[in-house]
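Asker: Let me begin by handing over the structure; questions about it come next.
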Amino acid sequence: MGYYLLIALGLIGPFVLIYYREPVGDMIGEADWMRKIGGVYYFIVFIALFFFFWTLAELTGTTQILFSPLRSLSPAFQQHEAPAF
């Protein structure tokens, strides 16, 4: 039951976050690095899109494909092969 509730929140939450991006952006405030990507409102849209696609990947079981670019950036995300005996 909890899994389906999280999936529902993950699909509905980003739309709510985009709809209320101005009050949320005013609450967060704008940092200097946010100006390079378009400001705080675009940052909130990017976060909402990330959560939406992450939820879709969890729903379909394709999180390995979604996070494959991150796996190449950090050794902590590397998949280690089991030793052959």
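We label chains A, B, ... in the order they appear in the structure tokens, count residues from 1 in each chain, and number ligands from 1 in the order shown.
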Determine which residues of chain A DSSP labels as helix (DSSP H, G or I) from the backbone of this structure, then write them out as an MDAnalysis selection string.

Answerer: chainID A and resid 2:19 21:28 32:35 40:60 63:66 68:73 75:77

Asker: Report as a list in words all protein, DNA and RNA residues lying within 10 Å of Glu22 of chain A, evaluated on only C-alpha atoms, omitting residues in the same chain fewer than 4 positions from it.

Answerer: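 Near neighbours after the sequence-gap exclusion: Leu17, Ile18, Asp26, Met27, Ile28, Val40, Tyr41 and Ile44 of chain A.
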
Asker: Point out the residue among A:Leu9, A:Ala57, A:Met1, A:Val16 with the least atom-to-atom distance to Val45 of chain A, counting only C-alpha atoms.

Answerer: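 Ranking A:Leu9, A:Ala57, A:Met1, A:Val16 by distance to Val45 of chain A, first place goes to A:Val16.
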
Asker: Measuring atom to atom with only C-alpha atoms, identify which of A:Thr63, A:Gly39, A:Leu73, A:Leu56 is nearest to Ile12 of chain A.

Answerer: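 Looking at the shortest contact to Ile12 of chain A, the residue is A:Leu56.
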